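Student: One structure is given below, represented as structure tokens, and several questions about it will come after.
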Amino acid sequence: MTSIKEQAAISRLLSFLQEWDNAGKVARSHILDKFIETNQGKTAPELEQEFSQGASLFLVRLTTSLRITYMTDSCLEKLLRSIGIFLSAVSSNRYLIEFLEVGGVLTLLEILGLEKIKEEAKKESVKLLQVIANSGRTYKELICESYGVRSIAEFLAKSKSEETQEEVQVLLDSLVHGNPKYQNQVYKGLIALLPCESPKAQQLSLQTLRTAQPIIGTTHPSIVDCVLKVLGTMHLEVQYEAIELIKDLVGYDVRQALLKGLVELLIPSVKENSKLQAKILSDPSVLQLTPSLPMFLQQAAAAKAIGVLARNDMSIAEELLYLRVVRGLMAAMGNKDHSNSQRLASLTLEYFVQMFPLVAEHVRKCMGEELYQLFLSNAEDLYMKIDSIQADILAANKVNVTKALCLHGSSHSMNALYGSRDSAQMAYLTHFEEDVESKE
């Protein structure tokens, strides 16, 4: 037998559920407003007490309404926030299972792909997916098995709200942790985002890749090309994240490919330049700016990245010399069409000249005494002081420190270039030099 108090509580619950069932769009909106206001932050036991042990009866009505109306955006944001109160409540595992059993994950993912739905509703959908993912490995796998990574990544690329994009990053970061079965899928999804047109999406993807890479361990072959292309961005915050990721990646098996790619960017391909120029000039809708700007941005960023890497690790600086980085830096210094390339390349070359006497000797010989002294006096401002003839000399230089090293033999080249080094470094450099000689 139930007590009079219990009967009254059950009667209130049935009355509330009947009110919901009979309510129209406006009335339901008011019910949701009141529910959100009075129940935000409650635990599962507190919700059960509020609904006389029948909270699931209201949750099932919310999920049913969601499945029926989500395409029309009718009270969608409020519906999702209300469901979120159930799913995020302490000790809410029962509610979570009930939501998932009716296809909750698929509905949330589908919401992300619908163009007519407002950004705020999509953000609430992302937050619910975060709650689900944070509930454990099984739930992360469920999201991934529902083609979630692709849906989430596409939404990140298309979203116009930076706040929403940051919520998506939190979700992707959650999916890459504690998810060994599908962590590679998330990793590849992040790489696939790098060529997208949204600078914020690129920035967040690069940040998350830095977190994901140590978890994955191995690298994907496409990451080198994708990261190097991102260096062509006009957005400095994206370029910064790309260089930070490159600093991490040189510790993996793509080190040589990355260094080689950076050096190649210092001298843009004439063929690619011509193709890009022809494409832009043939399109009357494009403003006639510098056709080669993306390549020049890459060139400047590559010069900057090389300087950062060389200063951080002497062994990288040494490897770069064998890849003819000096020639590339001097060529970039002669790029009269992009002053930032000239400035950054000059600063990086200054480091190599200061560290390696043989480099200083070759640079001095190529520049001539007058230009070399100008360079030594103020490398950063050199581009403002050189004339067109000097710029052409730099751009067309044929400096080959690698050849000089190989011609003089290992012992002499080591002493001339590096001075005294400990035995471990000398052994490493000898091995690297032999590898370069075999490829030539």
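By convention in this document, the chains of the structure tokens carry letters A, B, ... by their order, each chain's residues are numbered from 1, and ligands are numbered from 1 in the order they are shown.
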Any chance you could list, as a ChimeraX atom specification, the residues in region 205-416 of chain A that come up helix (DSSP H, G or I) when DSSP is run on the backbone?
Tutor: /A:205-216,222-230,236-249,255-265,270-281,293-312,314-322,325-333,339-355,357-367,369-377,382-384,388-395,401-408,410-416
Student: Suppose we keep C-alpha atoms; can you now write the selection as a compact mmCIF listing (two decimals), in the first residue's frame?
Tutor:
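Saved file result.txt follows:
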```txt
# COMPACT_ATOMS: atom_id res chain seq x y z
CA SER A 205 43.30 20.46 -35.51
CA LEU A 206 47.01 21.24 -35.28
CA GLN A 207 46.73 21.67 -31.50
CA THR A 208 44.89 18.36 -31.12
CA LEU A 209 47.39 16.58 -33.39
CA ARG A 210 50.15 17.62 -31.00
CA THR A 211 48.23 15.89 -28.22
CA ALA A 212 47.36 12.87 -30.36
CA GLN A 213 50.80 12.18 -31.86
CA PRO A 214 52.44 10.79 -28.67
CA ILE A 215 49.37 8.61 -28.10
CA ILE A 216 49.44 7.21 -31.65
CA SER A 222 50.33 12.24 -45.39
CA ILE A 223 51.03 14.40 -42.36
CA VAL A 224 54.23 15.88 -43.81
CA ASP A 225 52.65 17.24 -46.98
CA CYS A 226 49.56 18.49 -45.11
CA VAL A 227 51.53 20.36 -42.45
CA LEU A 228 53.90 21.92 -44.99
CA LYS A 229 50.95 23.19 -47.04
CA VAL A 230 49.46 24.81 -43.94
CA LEU A 236 49.91 33.72 -37.92
CA GLU A 237 48.12 31.75 -35.19
CA VAL A 238 47.77 28.82 -37.62
CA GLN A 239 51.39 29.13 -38.75
CA TYR A 240 52.52 29.10 -35.11
CA GLU A 241 50.65 25.85 -34.40
CA ALA A 242 52.04 24.29 -37.59
CA ILE A 243 55.62 25.10 -36.56
CA GLU A 244 54.98 23.77 -33.05
CA LEU A 245 53.73 20.50 -34.56
CA ILE A 246 56.77 20.34 -36.86
CA LYS A 247 58.99 20.71 -33.77
CA ASP A 248 57.29 17.62 -32.35
CA LEU A 249 57.30 15.63 -35.59
CA ARG A 255 62.11 13.83 -39.64
CA GLN A 256 64.12 13.64 -42.86
CA ALA A 257 61.04 14.10 -45.07
CA LEU A 258 60.05 17.18 -43.06
CA LEU A 259 63.49 18.76 -43.19
CA LYS A 260 63.81 18.06 -46.90
CA GLY A 261 60.35 19.53 -47.51
CA LEU A 262 61.17 22.70 -45.56
CA VAL A 263 64.38 23.26 -47.52
CA GLU A 264 62.55 22.73 -50.83
CA LEU A 265 60.01 25.41 -49.87
CA VAL A 270 59.00 27.55 -61.23
CA LYS A 271 56.54 25.03 -62.67
CA GLU A 272 54.11 25.38 -59.75
CA ASN A 273 54.49 29.15 -59.83
CA SER A 274 53.59 29.26 -63.53
CA LYS A 275 50.58 26.96 -63.08
CA LEU A 276 49.23 29.05 -60.21
CA GLN A 277 49.77 32.30 -62.09
CA ALA A 278 48.01 31.01 -65.21
CA LYS A 279 45.07 29.77 -63.14
CA ILE A 280 44.63 33.06 -61.30
CA LEU A 281 45.09 35.31 -64.32
CA LEU A 293 51.65 34.82 -52.48
CA PRO A 294 50.83 31.36 -51.02
CA MET A 295 54.25 30.05 -52.07
CA PHE A 296 55.99 33.12 -50.71
CA LEU A 297 54.14 32.71 -47.41
CA GLN A 298 55.34 29.09 -47.33
CA GLN A 299 58.85 30.25 -48.14
CA ALA A 300 58.88 32.75 -45.27
CA ALA A 301 57.35 30.26 -42.82
CA ALA A 302 59.84 27.57 -43.88
CA ALA A 303 62.74 29.95 -43.23
CA LYS A 304 61.29 30.70 -39.81
CA ALA A 305 60.67 27.02 -39.00
CA ILE A 306 64.20 26.07 -40.06
CA GLY A 307 65.60 28.74 -37.75
CA VAL A 308 63.51 27.48 -34.84
CA LEU A 309 64.50 23.84 -35.42
CA ALA A 310 68.20 24.61 -35.90
CA ARG A 311 68.40 26.69 -32.73
CA ASN A 312 66.60 24.00 -30.72
CA MET A 314 72.30 21.23 -33.22
CA SER A 315 71.97 17.83 -34.89
CA ILE A 316 69.05 19.17 -36.95
CA ALA A 317 71.13 22.19 -37.98
CA GLU A 318 73.83 19.80 -39.17
CA GLU A 319 71.38 17.66 -41.14
CA LEU A 320 69.96 20.75 -42.80
CA LEU A 321 73.42 21.74 -44.05
CA TYR A 322 73.62 18.46 -45.97
CA VAL A 325 69.78 24.79 -46.64
CA VAL A 326 72.35 27.61 -47.09
CA ARG A 327 71.62 27.86 -50.80
CA GLY A 328 67.88 27.90 -50.11
CA LEU A 329 68.14 30.60 -47.44
CA MET A 330 70.24 32.82 -49.67
CA ALA A 331 67.79 32.34 -52.53
CA ALA A 332 64.92 33.41 -50.25
CA MET A 333 66.94 36.46 -49.23
CA SER A 339 60.21 41.14 -47.85
CA ASN A 340 59.21 38.81 -44.99
CA SER A 341 60.90 35.90 -46.77
CA GLN A 342 64.03 38.01 -47.10
CA ARG A 343 63.98 39.06 -43.44
CA LEU A 344 63.31 35.61 -41.93
CA ALA A 345 65.75 33.83 -44.25
CA SER A 346 68.44 36.38 -43.38
CA LEU A 347 67.93 35.86 -39.64
CA THR A 348 68.14 32.08 -40.01
CA LEU A 349 71.22 32.27 -42.22
CA GLU A 350 72.85 34.52 -39.61
CA TYR A 351 72.61 31.65 -37.12
CA PHE A 352 74.27 29.17 -39.50
CA VAL A 353 77.04 31.67 -40.28
CA GLN A 354 77.67 32.25 -36.58
CA MET A 355 77.70 28.54 -35.74
CA PRO A 357 82.86 28.72 -39.97
CA LEU A 358 82.69 26.82 -43.28
CA VAL A 359 79.23 28.25 -43.94
CA ALA A 360 80.53 31.74 -43.19
CA GLU A 361 83.36 31.20 -45.66
CA HIS A 362 81.03 30.13 -48.49
CA VAL A 363 78.47 32.85 -47.80
CA ARG A 364 81.18 35.52 -47.77
CA LYS A 365 82.60 34.27 -51.05
CA CYS A 366 79.20 34.30 -52.74
CA MET A 367 78.01 37.66 -51.37
CA GLU A 369 82.84 41.64 -49.03
CA GLU A 370 80.55 44.68 -49.17
CA LEU A 371 77.27 42.72 -49.02
CA TYR A 372 78.66 40.29 -46.46
CA GLN A 373 79.60 43.13 -44.10
CA LEU A 374 76.12 44.62 -44.50
CA PHE A 375 74.72 41.19 -43.62
CA LEU A 376 76.87 40.85 -40.51
CA SER A 377 76.05 44.35 -39.29
CA LEU A 382 69.47 43.67 -44.86
CA TYR A 383 66.54 43.39 -47.29
CA MET A 384 66.01 47.16 -47.05
CA SER A 388 68.34 44.66 -57.35
CA ILE A 389 71.71 43.35 -58.57
CA GLN A 390 72.64 42.09 -55.12
CA ALA A 391 69.20 40.52 -54.75
CA ASP A 392 69.64 38.73 -58.06
CA ILE A 393 73.04 37.43 -56.96
CA LEU A 394 71.45 35.99 -53.84
CA ALA A 395 68.50 34.50 -55.70
CA VAL A 401 78.41 23.42 -48.55
CA THR A 402 77.54 19.71 -48.87
CA LYS A 403 79.80 19.35 -51.91
CA ALA A 404 82.62 21.12 -50.11
CA LEU A 405 82.29 18.77 -47.16
CA CYS A 406 82.30 15.67 -49.34
CA LEU A 407 85.28 16.87 -51.45
CA HIS A 408 87.42 17.49 -48.40
CA SER A 410 84.98 13.36 -43.51
CA SER A 411 87.78 14.22 -41.11
CA HIS A 412 88.64 17.60 -42.64
CA SER A 413 85.01 18.59 -43.21
CA MET A 414 84.07 17.80 -39.63
CA ASN A 415 86.87 19.95 -38.25
CA ALA A 416 86.25 22.81 -40.65
```
Student: Would you mind telling me which residue in A:Leu100, A:Ala396, A:Leu172, A:Ile111 lies nearest to Asp73 (chain A) when using only C-alpha atoms?
Tutor: A:Ile111
Student: Can you work out the spacing between CA of Glu124 (chain A) and CA of Glu167 (chain A) in Å, to one decimal?
Tutor: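 Those two atoms sit 9.4 Å apart.
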Student: Just the number, please: distance in Å from CA of Val60 (chain A) to CA of Leu87 (chain A), one decimal.
Tutor: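 Result for CA of Val60 (chain A) versus CA of Leu87 (chain A): 12.4 Å, one decimal.
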Student: Hey, what's within 10 Å of region 101-103 of chain A if we count only C-alpha atoms and toss same-chain stuff fewer than 5 positions away? As number ranges by chain, please?
Tutor: A: 60, 63-64, 67, 95-96, 108
